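What follows is the content of my_file38.csv (CSV, C-alpha atoms).
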chain,number,residue,atom,x,y,z
C,15,MET,CA,37.2,11.5,-27.7
C,16,LYS,CA,36.5,14.7,-25.8
C,17,LEU,CA,32.8,15.3,-25.8
C,18,PHE,CA,31.3,18.7,-24.8
C,19,ILE,CA,27.6,19.2,-24.2
C,20,VAL,CA,26.6,22.8,-24.8
C,21,ILE,CA,23.4,23.9,-23.1
C,22,PRO,CA,22.2,27.4,-24.0
C,23,CYS,CA,19.9,28.7,-21.3
C,24,TYR,CA,17.7,31.7,-20.9
C,25,ASN,CA,15.4,31.8,-17.8
C,26,GLU,CA,15.3,28.0,-17.5
C,27,VAL,CA,15.5,27.7,-13.8
C,28,ARG,CA,12.6,25.2,-13.7
C,29,ARG,CA,14.3,22.3,-15.5
C,30,LEU,CA,18.0,23.3,-15.7
C,31,ALA,CA,19.3,21.4,-12.7
C,32,ALA,CA,17.6,18.2,-13.7
C,33,VAL,CA,18.8,18.5,-17.3
C,34,ILE,CA,22.4,19.0,-16.2
C,35,GLN,CA,22.2,16.0,-13.9
C,36,GLU,CA,20.9,13.8,-16.7
C,37,VAL,CA,23.5,14.7,-19.3
C,38,LYS,CA,26.5,15.1,-16.9
C,39,SER,CA,27.6,11.5,-17.3
C,40,PHE,CA,27.8,11.7,-21.1
C,41,GLY,CA,30.4,14.4,-21.4
C,42,GLU,CA,31.8,17.7,-20.2
C,43,VAL,CA,28.9,20.1,-19.7
C,44,VAL,CA,29.1,23.8,-20.7
C,45,VAL,CA,26.1,25.9,-19.8
C,46,VAL,CA,25.8,29.2,-21.6
C,47,ASP,CA,23.6,31.5,-19.5
C,48,ASP,CA,22.3,34.0,-22.0
C,49,GLY,CA,21.7,36.9,-19.7
C,50,SER,CA,18.9,35.1,-17.7
C,51,ARG,CA,16.9,37.3,-15.4
C,52,ASP,CA,16.1,34.4,-13.0
C,53,ASN,CA,18.8,32.7,-11.1
C,54,SER,CA,19.7,30.1,-13.8
C,55,TYR,CA,23.3,31.1,-13.6
C,56,GLN,CA,23.5,30.3,-9.9
C,57,VAL,CA,21.6,27.1,-10.3
C,58,ALA,CA,23.9,25.9,-13.1
C,59,GLN,CA,27.0,26.8,-11.1
C,60,SER,CA,25.7,24.9,-8.1
C,61,GLN,CA,25.6,21.7,-10.3
C,62,GLY,CA,29.4,21.8,-10.6
C,63,VAL,CA,29.6,22.3,-14.3
C,64,LYS,CA,31.3,25.0,-16.4
C,65,VAL,CA,29.0,28.0,-16.8
C,66,LEU,CA,29.6,30.9,-19.2
C,67,ARG,CA,27.6,34.0,-18.9
C,68,HIS,CA,26.4,36.5,-21.5
C,69,LEU,CA,26.0,39.9,-19.7
C,70,VAL,CA,23.0,40.7,-21.8
C,71,ASN,CA,20.6,38.4,-23.7
C,72,ARG,CA,21.8,37.8,-27.2
C,73,GLY,CA,19.7,34.9,-28.4
C,74,GLN,CA,20.1,31.1,-28.7
C,75,GLY,CA,22.3,31.2,-31.8
C,76,ALA,CA,24.7,33.5,-30.1
C,77,ALA,CA,24.8,31.4,-26.9
C,78,LEU,CA,25.5,28.2,-28.9
C,79,GLN,CA,28.4,29.9,-30.8
C,80,THR,CA,29.9,31.0,-27.4
C,81,GLY,CA,29.7,27.4,-26.2
C,82,ASN,CA,31.3,26.2,-29.5
C,83,ASN,CA,34.1,28.7,-29.1
C,84,TYR,CA,34.8,27.6,-25.5
C,85,ALA,CA,34.7,23.9,-26.5
C,86,LEU,CA,37.1,24.5,-29.3
C,87,SER,CA,39.5,26.4,-27.0
C,88,ARG,CA,39.3,23.3,-24.7
C,89,ARG,CA,40.3,21.0,-27.5
C,90,ALA,CA,36.9,19.3,-27.9
C,91,ASP,CA,36.6,16.6,-30.5
C,92,LEU,CA,32.9,16.7,-30.5
C,93,VAL,CA,30.1,19.0,-29.3
C,94,VAL,CA,26.5,18.2,-28.7
C,95,HIS,CA,23.9,21.0,-28.6
C,96,PHE,CA,21.3,20.2,-26.0
C,97,ASP,CA,18.2,22.2,-24.8
C,98,ALA,CA,17.9,23.4,-21.3
C,99,ASP,CA,14.1,23.0,-21.1
C,100,GLY,CA,14.0,19.2,-20.8
C,101,GLN,CA,12.7,18.6,-24.4
C,102,HIS,CA,15.7,16.4,-25.3
C,103,GLN,CA,16.6,13.0,-23.9
C,104,ALA,CA,20.1,12.4,-22.5
C,105,GLU,CA,20.0,8.8,-23.9
C,106,ASP,CA,20.1,10.3,-27.4
C,107,ILE,CA,23.6,11.8,-26.9
C,108,PRO,CA,25.5,8.7,-27.7
C,109,LYS,CA,23.3,8.1,-30.7
C,110,LEU,CA,24.3,11.5,-32.1
C,111,ALA,CA,28.0,11.1,-31.2
C,112,SER,CA,28.6,7.6,-32.6
C,113,PRO,CA,28.5,8.5,-36.4
C,114,ILE,CA,31.1,11.2,-35.7
C,115,THR,CA,33.4,9.0,-33.7
C,116,ALA,CA,33.0,6.4,-36.5
C,117,GLY,CA,34.0,9.0,-39.0
C,118,GLN,CA,30.8,8.8,-41.0
C,119,ALA,CA,29.7,12.4,-40.6
C,120,ASP,CA,30.9,15.8,-39.3
C,121,VAL,CA,27.4,17.0,-38.4
C,122,VAL,CA,24.6,14.8,-37.0
C,123,PHE,CA,21.1,16.0,-36.6
C,124,GLY,CA,18.4,14.5,-34.4
C,125,SER,CA,15.2,13.9,-36.3
C,126,ARG,CA,11.7,13.5,-35.0
C,127,PHE,CA,10.4,12.0,-38.2
C,128,LEU,CA,13.1,9.4,-39.1
C,129,ASN,CA,11.6,6.7,-37.1
C,130,VAL,CA,7.9,7.0,-37.3
C,131,ARG,CA,7.1,4.1,-35.0
C,132,ASP,CA,8.7,6.2,-32.2
C,133,ASN,CA,5.6,8.3,-32.0
C,134,ASN,CA,6.9,11.7,-30.9
C,135,GLN,CA,3.5,12.9,-29.6
C,136,LEU,CA,3.8,15.9,-31.8
C,137,PRO,CA,0.8,18.3,-31.7
C,138,PHE,CA,-1.1,17.9,-35.0
C,139,PHE,CA,-1.2,21.6,-35.7
C,140,LYS,CA,2.5,22.0,-35.1
C,141,GLU,CA,3.4,19.1,-37.3
C,142,TRP,CA,1.3,19.9,-40.4
C,143,LEU,CA,1.1,23.7,-40.4
C,144,ILE,CA,4.6,24.6,-39.2
C,145,LEU,CA,7.0,21.7,-39.3
C,146,LYS,CA,6.2,20.0,-42.5
C,147,PRO,CA,6.1,23.2,-44.6
C,148,ALA,CA,9.3,24.4,-42.9
C,149,ILE,CA,11.1,21.1,-43.7
C,150,PHE,CA,9.8,21.3,-47.3
C,151,PHE,CA,11.2,24.8,-47.9
C,152,GLN,CA,14.5,24.0,-46.1
C,153,ASN,CA,15.1,21.1,-48.4
C,154,LEU,CA,14.1,23.1,-51.5
C,155,LEU,CA,16.3,26.1,-50.5
C,156,TYR,CA,19.4,24.3,-49.5
C,157,GLY,CA,19.2,21.2,-51.6
C,158,VAL,CA,19.5,18.9,-48.7
C,159,LYS,CA,17.4,15.8,-47.8
C,160,LEU,CA,16.5,16.0,-44.2
C,161,THR,CA,13.4,14.6,-42.6
C,162,ASP,CA,13.2,17.2,-39.9
C,163,ALA,CA,13.8,20.9,-39.5
C,164,HIS,CA,15.9,21.6,-36.5
C,165,ASN,CA,14.7,20.4,-33.1
C,166,GLY,CA,17.9,21.8,-31.6
C,167,LEU,CA,19.5,18.4,-30.9
C,168,ARG,CA,22.7,18.0,-33.0
C,169,ALA,CA,26.3,17.0,-32.8
C,170,MET,CA,29.3,18.6,-34.5
C,171,SER,CA,32.8,17.3,-35.0
C,172,ARG,CA,35.8,19.4,-34.4
C,173,LYS,CA,36.2,19.9,-38.1
C,174,ALA,CA,32.7,21.2,-38.4
C,175,LEU,CA,33.2,23.5,-35.4
C,176,GLU,CA,36.2,25.0,-37.0
C,177,GLN,CA,34.3,25.7,-40.2
C,178,ILE,CA,30.8,26.5,-39.2
C,179,VAL,CA,30.4,29.9,-37.5
C,180,ILE,CA,26.9,30.9,-36.3
C,181,THR,CA,26.3,34.5,-37.0
C,182,GLN,CA,22.5,34.3,-36.6
C,183,ASP,CA,22.0,35.2,-33.0
C,184,GLY,CA,18.3,34.4,-32.9
C,185,MET,CA,16.4,31.4,-34.0
C,186,ALA,CA,17.6,31.3,-37.6
C,187,HIS,CA,20.8,29.6,-36.7
C,188,PRO,CA,19.8,26.0,-37.6
C,189,SER,CA,19.2,27.1,-41.2
C,190,GLU,CA,22.5,28.8,-41.1
C,191,ILE,CA,24.2,25.7,-40.0
C,192,ILE,CA,22.7,23.8,-42.9
C,193,ASP,CA,23.7,26.6,-45.2
C,194,GLN,CA,27.4,26.5,-44.1
C,195,LEU,CA,27.4,22.7,-44.1
C,196,ILE,CA,26.7,22.8,-47.8
C,197,ILE,CA,29.2,25.5,-48.5
C,198,HIS,CA,32.0,23.6,-46.7
C,199,ASN,CA,30.8,20.3,-48.1
C,200,LEU,CA,30.7,18.5,-44.8
C,201,PRO,CA,29.1,15.1,-44.6
C,202,TYR,CA,26.0,15.0,-42.4
C,203,LEU,CA,23.6,12.4,-41.1
C,204,GLU,CA,20.3,12.1,-39.2
C,205,VAL,CA,19.5,9.9,-36.4
C,206,PRO,CA,16.1,9.3,-34.8
C,207,VAL,CA,15.5,11.0,-31.5
C,208,THR,CA,12.7,11.6,-29.1
C,209,ILE,CA,11.5,15.0,-28.3
C,210,ARG,CA,9.2,15.6,-25.4
C,211,TYR,CA,6.6,18.4,-25.8
C,212,ASP,CA,5.3,20.3,-22.8
C,213,GLU,CA,5.1,23.7,-24.4
C,214,PHE,CA,4.4,24.8,-27.8
C,215,GLY,CA,7.8,26.2,-28.8
C,216,GLN,CA,7.8,28.6,-31.7
C,217,GLY,CA,4.5,29.5,-33.4
C,218,LEU,CA,3.8,30.8,-36.9
C,219,LEU,CA,5.1,34.3,-36.1
C,220,GLY,CA,8.4,32.8,-34.9
C,221,GLY,CA,8.7,31.1,-38.3
C,222,LEU,CA,8.2,34.4,-40.1
C,223,LYS,CA,10.8,36.1,-37.9
C,224,ILE,CA,13.3,33.4,-38.9
C,225,ILE,CA,12.7,34.0,-42.6
C,226,ARG,CA,13.2,37.7,-42.0
C,227,ASP,CA,16.5,37.1,-40.1
C,228,LEU,CA,17.7,34.8,-42.9
C,229,ILE,CA,17.0,37.4,-45.6
C,230,PHE,CA,18.7,40.2,-43.8
C,231,GLY,CA,21.6,37.9,-42.8
C,232,LYS,CA,22.3,37.3,-46.5
C,233,ILE,CA,22.0,41.0,-47.4
C,234,ASN,CA,24.1,42.3,-44.5
C,235,LYS,CA,27.2,40.2,-44.9
H,17,MET,CA,2.3,86.4,-55.7
H,18,ILE,CA,0.5,84.9,-52.8
H,19,TYR,CA,3.4,82.7,-51.9
H,20,LEU,CA,5.6,85.5,-51.0
H,21,PRO,CA,5.7,85.3,-47.2
H,22,LEU,CA,6.4,81.6,-47.3
H,23,GLN,CA,9.1,82.1,-49.9
H,24,ILE,CA,10.9,84.6,-47.8
H,25,ILE,CA,10.7,82.4,-44.7
H,26,VAL,CA,12.0,79.3,-46.5
H,27,SER,CA,14.7,81.3,-48.2
H,28,LEU,CA,15.9,82.7,-44.9
H,29,PHE,CA,15.9,79.1,-43.5
H,30,VAL,CA,17.9,77.8,-46.5
H,31,ILE,CA,20.4,80.6,-46.2
H,32,PHE,CA,20.8,79.7,-42.5
H,33,VAL,CA,21.3,76.0,-43.3
H,34,VAL,CA,23.8,76.7,-46.1
H,35,PHE,CA,25.7,79.0,-43.7
H,36,ARG,CA,25.9,76.2,-41.1
H,37,LEU,CA,26.9,73.7,-43.8
H,38,THR,CA,29.8,75.9,-45.0
H,39,LYS,CA,31.0,76.3,-41.5
H,40,LYS,CA,30.9,72.6,-40.9
H,41,PHE,CA,32.7,72.0,-44.2
H,42,LYS,CA,35.4,74.5,-43.2
H,43,ASP,CA,35.8,72.8,-39.8
H,44,ASN,CA,36.4,69.5,-41.6
H,45,ILE,CA,33.3,67.9,-40.1
H,46,LEU,CA,31.8,67.3,-43.5
H,47,LYS,CA,33.5,65.5,-46.5
H,48,THR,CA,33.5,67.4,-49.8
H,49,SER,CA,31.0,64.9,-51.3
H,50,GLU,CA,28.6,65.3,-48.3
H,51,PHE,CA,28.9,69.0,-48.4
H,52,VAL,CA,28.1,69.2,-52.2
H,53,GLY,CA,25.2,66.7,-51.7
H,54,TRP,CA,23.5,68.7,-49.0
H,55,LEU,CA,24.1,71.9,-50.9
H,56,VAL,CA,22.4,70.6,-54.0
H,57,ILE,CA,19.4,69.3,-51.9
H,58,TRP,CA,18.9,72.7,-50.3
H,59,LEU,CA,19.3,74.6,-53.6
H,60,ILE,CA,16.6,72.3,-55.0
H,61,VAL,CA,14.4,73.4,-52.1
H,62,LEU,CA,15.0,77.0,-53.0
H,63,VAL,CA,14.3,76.4,-56.7
H,64,VAL,CA,11.1,74.5,-55.9
H,65,PHE,CA,9.8,77.3,-53.7
H,66,TRP,CA,10.7,80.2,-56.1
H,67,ILE,CA,9.8,78.5,-59.4
H,68,PRO,CA,7.0,75.9,-58.5
H,69,GLN,CA,6.4,75.2,-62.1
H,70,THR,CA,9.7,73.1,-62.2
H,71,THR,CA,8.1,70.3,-60.2
H,72,SER,CA,5.1,70.2,-62.6
H,73,TYR,CA,7.5,70.1,-65.5
H,74,LEU,CA,9.4,67.2,-64.0
H,75,ALA,CA,6.1,65.4,-63.0
H,76,ALA,CA,5.0,65.7,-66.6
H,77,ILE,CA,8.1,63.9,-67.7
H,78,PHE,CA,7.4,61.0,-65.4
H,79,GLY,CA,3.8,61.0,-66.4
H,80,ILE,CA,2.5,62.2,-63.0
H,81,GLY,CA,-0.2,64.8,-63.0
H,82,ARG,CA,0.9,67.3,-60.3
H,83,GLY,CA,4.2,68.5,-59.2
H,84,VAL,CA,3.3,68.0,-55.5
H,85,ASP,CA,2.5,64.3,-56.2
H,86,LEU,CA,6.0,63.8,-57.6
H,87,ALA,CA,7.5,65.5,-54.5
H,88,ILE,CA,5.6,63.1,-52.3
H,89,TYR,CA,6.5,60.0,-54.3
H,90,VAL,CA,10.2,60.9,-54.2
H,91,ALA,CA,10.0,61.7,-50.4
H,92,VAL,CA,8.4,58.3,-49.7
H,93,LEU,CA,11.1,56.5,-51.7
H,94,ILE,CA,13.8,58.3,-49.9
H,95,ILE,CA,12.2,57.5,-46.5
H,96,PHE,CA,11.9,53.8,-47.4
H,97,TYR,CA,15.5,53.7,-48.5
H,98,LEU,CA,16.7,55.4,-45.2
H,99,ILE,CA,14.6,52.9,-43.1
H,100,PHE,CA,16.2,50.0,-45.0
H,101,ARG,CA,19.7,51.5,-44.3
H,102,LEU,CA,18.9,51.9,-40.7
H,103,TYR,CA,17.7,48.3,-40.4
H,104,LEU,CA,21.0,47.0,-41.9
H,105,LYS,CA,22.9,49.3,-39.6
H,106,ILE,CA,21.1,48.1,-36.5
H,107,ASP,CA,21.6,44.5,-37.6
H,108,LYS,CA,25.3,45.1,-37.9
H,109,GLN,CA,25.5,46.7,-34.5
H,110,GLN,CA,23.6,43.8,-32.9
H,111,LYS,CA,26.3,41.5,-34.3
H,112,GLU,CA,29.0,43.7,-32.9
H,113,ILE,CA,27.3,43.7,-29.5
H,114,THR,CA,27.2,39.9,-29.6
H,115,LYS,CA,30.9,39.8,-30.4
H,116,ILE,CA,31.6,41.9,-27.3
H,117,VAL,CA,29.3,39.9,-25.0
H,118,ARG,CA,30.8,36.6,-26.3
H,119,HIS,CA,34.4,37.9,-25.8
H,120,LEU,CA,33.6,38.9,-22.2
H,121,ALA,CA,31.9,35.6,-21.4
H,122,LEU,CA,34.8,33.6,-22.8
H,123,LYS,CA,37.4,35.7,-21.1
H,124,GLU,CA,35.6,35.3,-17.7
H,125,GLY,CA,35.4,31.6,-18.3
H,126,GLU,CA,39.1,31.2,-19.1
H,127,LYS,CA,39.9,33.2,-16.0
H,128,GLU,CA,37.9,30.8,-13.8
H,129,ASP,CA,39.6,27.8,-15.5
H,130,GLN,CA,43.0,29.2,-14.7
H,131,VAL,CA,42.1,29.8,-11.1
H,132,GLU,CA,40.9,26.2,-10.8
H,133,ASN,CA,44.2,24.9,-12.3
H,134,ASP,CA,46.4,27.0,-10.0

What would you get if you wrote out this structure as structure tokens?
Amino acid sequence: MKLFIVIPCYNEVRRLAAVIQEVKSFGEVVVVDDGSRDNSYQVAQSQGVKVLRHLVNRGQGAALQTGNNYALSRRADLVVHFDADGQHQAEDIPKLASPITAGQADVVFGSRFLNVRDNNQLPFFKEWLILKPAIFFQNLLYGVKLTDAHNGLRAMSRKALEQIVITQDGMAHPSEIIDQLIIHNLPYLEVPVTIRYDEFGQGLLGGLKIIRDLIFGKINK
Amino acid sequence: MIYLPLQIIVSLFVIFVVFRLTKKFKDNILKTSEFVGWLVIWLIVLVVFWIPQTTSYLAAIFGIGRGVDLAIYVAVLIIFYLIFRLYLKIDKQQKEITKIVRHLALKEGEKEDQVEND
């Protein structure tokens, strides 16, 4: 099994090197530098991993799709999306990969809420005002049963990579992945993961922006 | 009629625009449908300025009190529609930019891989 770890990165010089070192042993690393203005690109290159560079910033969704394309061209069997900011834990990578290697699923999502005893130290406001409503609407809209709305940690099989194409350049791509998952009837699973919170991530405005992107994405096909 | 000076100025302007339109049409810059569309719009402007009662008449049909109000409603609708079209167009161009940027990134990446393999 050829496992690629795609790390989209935009001005992440602070944590990038450490993240790369942590995940390196789990698979082949591809960093997609999304037009960073700091020296993320040089930092990533100095870590001895593959680095692709967007000449201008195109958003996280766009960077992930670039990574997916590269992994496909290098005959990847499996791709894991991993954040560059240190939120995700490298130990979760095998957990995400194993259902795919076992043939149980083509897409595996990490979930913060699947295993409640692993207290994820989620900020109260973020959990009840943003995440829970988002999860509710996501399940309602797409007819899926997921316990979490996109924390960015996910694994995709080669089959899923061939069928799912991210066209949402911004932060609406996780919803798009679920949408296409349903269209192509791909089996999916969730596994519990731990997410570390240092910064707030996306606020309420970010959520509204995602909804706007999704609506226009549907109209403008 | 107190409107007279304005009517003359607008008429001259419309004549100028129509003249430019026909020239563009002859030079094959405008499609027939576009040419006719613009011609109709400017003729409407002419009619509205010379026979202002027409707008009141139309307004009455739509149940709006004044002709000027109708003109403003229609204008607002058209503007919203144009903004919507612009939004979609920008969105499409964004996607195209992404395609180009991705293509370049992957091409560069492949080049590096080949150099390493050589």

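Pairwise distance (atom CA of Leu155 of chain C, atom CA of Ile197 of chain C) equals 13.1 Å.
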
(request) Quick one: pull the distance between atom CA of Asp99 of chain C and atom CA of Val70 of chain C, Å, one decimal. (result) 19.8 Å

(message) Please report the interatomic distance between atom CA of Leu74 of chain H and atom CA of Leu20 of chain H in Å with one decimal.
(response) 22.8 Å

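Nearest residue to chain H, choosing from C:Pro188, C:Pro22, C:Gly73, C:Pro206 and counting all atoms listed in the file: C:Gly73.
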
Considering all atoms listed in the file, tabulate each residue of chain H that lies at most 6 Å from chain C along with its nearest interatomic pair and the corresponding distance in Å to one decimal; arrange the rows by chain and ascending residue number and present them as CSV.
residue,atom,partner,partner_atom,distance
H:Val117,CA,C:His68,CA,5.7
H:Arg118,CA,C:Thr80,CA,5.8
H:Ala121,CA,C:Arg67,CA,5.2
H:Gly125,CA,C:Leu66,CA,5.9

(request) Do a neighbour search on segment 57-60 of chain C at 8 Å with only C-alpha atoms, toss out local chain neighbours closer than 4 positions, and write the hits as a list of chain:residue names. (result)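 Contacts, with the query itself left out: C:Val27, C:Leu30, C:Ala31, C:Ile34, C:Val45, C:Asn53, C:Lys64, C:Val65.
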
Take the residues that were just selected and, keeping C-alpha atoms, output them as a short mmCIF file (atom, residue, chain, number, x, y, z; two decimals), in the frame of the given file.
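Writing done, so here's part.cif:
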data_model
loop_
_atom_site.label_atom_id
_atom_site.label_comp_id
_atom_site.auth_asym_id
_atom_site.auth_seq_id
_atom_site.Cartn_x
_atom_site.Cartn_y
_atom_site.Cartn_z
CA VAL C 27 15.50 27.70 -13.80
CA LEU C 30 18.00 23.30 -15.70
CA ALA C 31 19.30 21.40 -12.70
CA ILE C 34 22.40 19.00 -16.20
CA VAL C 45 26.10 25.90 -19.80
CA ASN C 53 18.80 32.70 -11.10
CA LYS C 64 31.30 25.00 -16.40
CA VAL C 65 29.00 28.00 -16.80
#

(request) Rank nothing, just name the residue among C:Gly41, C:Gly124, C:Gly166, C:Gly62 nearest to Val93 of chain C, using only C-alpha atoms. (result)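 Checking each candidate against Val93 of chain C, we get C:Gly41 as the closest.
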
(request) Find, counting all atoms listed in the file, the residue in C:Leu167, C:Val207, C:Ile196, C:Ala85 that gets nearest to Asp97 of chain C. (result)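 Closest to Asp97 of chain C of all the choices is C:Leu167.
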
(message) Within 12 Å of (14.1, 36.5, -13.4) in the file's own coordinates, which protein, DNA or RNA residues have an atom, counting all atoms listed in the file? List them as a VMD selection string.
(response) chain C and resid 24 to 28 49 to 56

(message) Which polymer residues, whether protein, DNA or RNA, lie within 10 Å of the coordinate (30.4, 13.6, -38.9) when you count all atoms listed in the file? List them as a list in words, using the chain letters and numbers from the file.
(response)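 Residues lying no farther than 10 Å from the given point: Leu92, Leu110, Ala111, Ser112, Pro113, Ile114, Thr115, Ala116, Gly117, Gln118, Ala119, Asp120, Val121, Val122, Phe123, Ala169, Met170, Ser171, Arg172, Lys173, Ala174, Leu200, Pro201, Tyr202 and Leu203 of chain C.
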
(message) What's around His198 of chain C at 9 Å? Count all atoms listed in the file, leave out sequence neighbours fewer than 3 positions away in its own chain, and write the answer as a VMD selection string.
(response) chain C and resid 174 177 to 178 193 to 195

(request) Kindly indicate which residue among H:Val30, H:Val84, H:His119, H:Tyr103 lies nearest to Trp54 of chain H, using all atoms listed in the file for the distances. (result)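 For Trp54 of chain H, the nearest of the candidates is H:Val30.
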
(message) Counting only C-alpha atoms, which residue out of C:His102, C:Lys16, C:His187, C:Lys109 sits closest to Leu86 of chain C?
(response)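 Among the listed residues, C:Lys16 lies closest to Leu86 of chain C.
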